[in-house]
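Heads up, the thing below is written out as structure tokens.
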Amino acid sequence: MGDDAELWIQTGGDPTILIRDSYDYQENTMVKKKNTMVFIDAENISADRCTRIIGQCAGIGEIYEIRYYARQNDPATAAWKSEAKKYGIKAILMSGGPSHNKIDDKIVKDIHRVLGTNKSIDIFCIASRD
């Protein structure tokens, strides 16, 4: 299998959480790495789901950072501001009006950036409905 193997898990229900989990294989013993980063698409995930998302992701690793992505001044995502304050979630706010896949594309770009710059992240969780 090489040095690192990848396991992709899609949990059922609403919202969908996709998890990229890598493991170290040392002397035929699987040791789970712990640092987890969470990316939340707040455009289509209700802030009411925040506690559940954090709980599921914390269950698979130690949370390093959580980010939620939304458009600035979007009333539909305003509830995320209080959740961000409560849980220390970093807000990534996009300017301008709605645009097809704008938030999704930003999440993907940020994940690629983290993959290239922060080698301490082992697990990536994406909470989205699209």
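Each chain in the structure tokens gets a letter, A, B and so on, in the order shown; residues start at 1 in every chain, and ligands are counted from 1 in the order they appear.
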
> Contacts of Glu65 of chain A at 8 Å or less, counting only C-alpha atoms, minus same-chain residues fewer than 3 places along, as a count of residues only?
Replying inline: 5

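If you measure from each of A:Val114, A:Ala79, A:Leu93, A:Ile121 to Arg49 of chain A using only C-alpha atoms, the closest one turns out to be A:Ala79.
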
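Counting only C-alpha atoms and comparing A:Gly55, A:Thr77, A:Asp104, A:Lys85, the residue that lies closest to Ile126 of chain A is A:Asp104.
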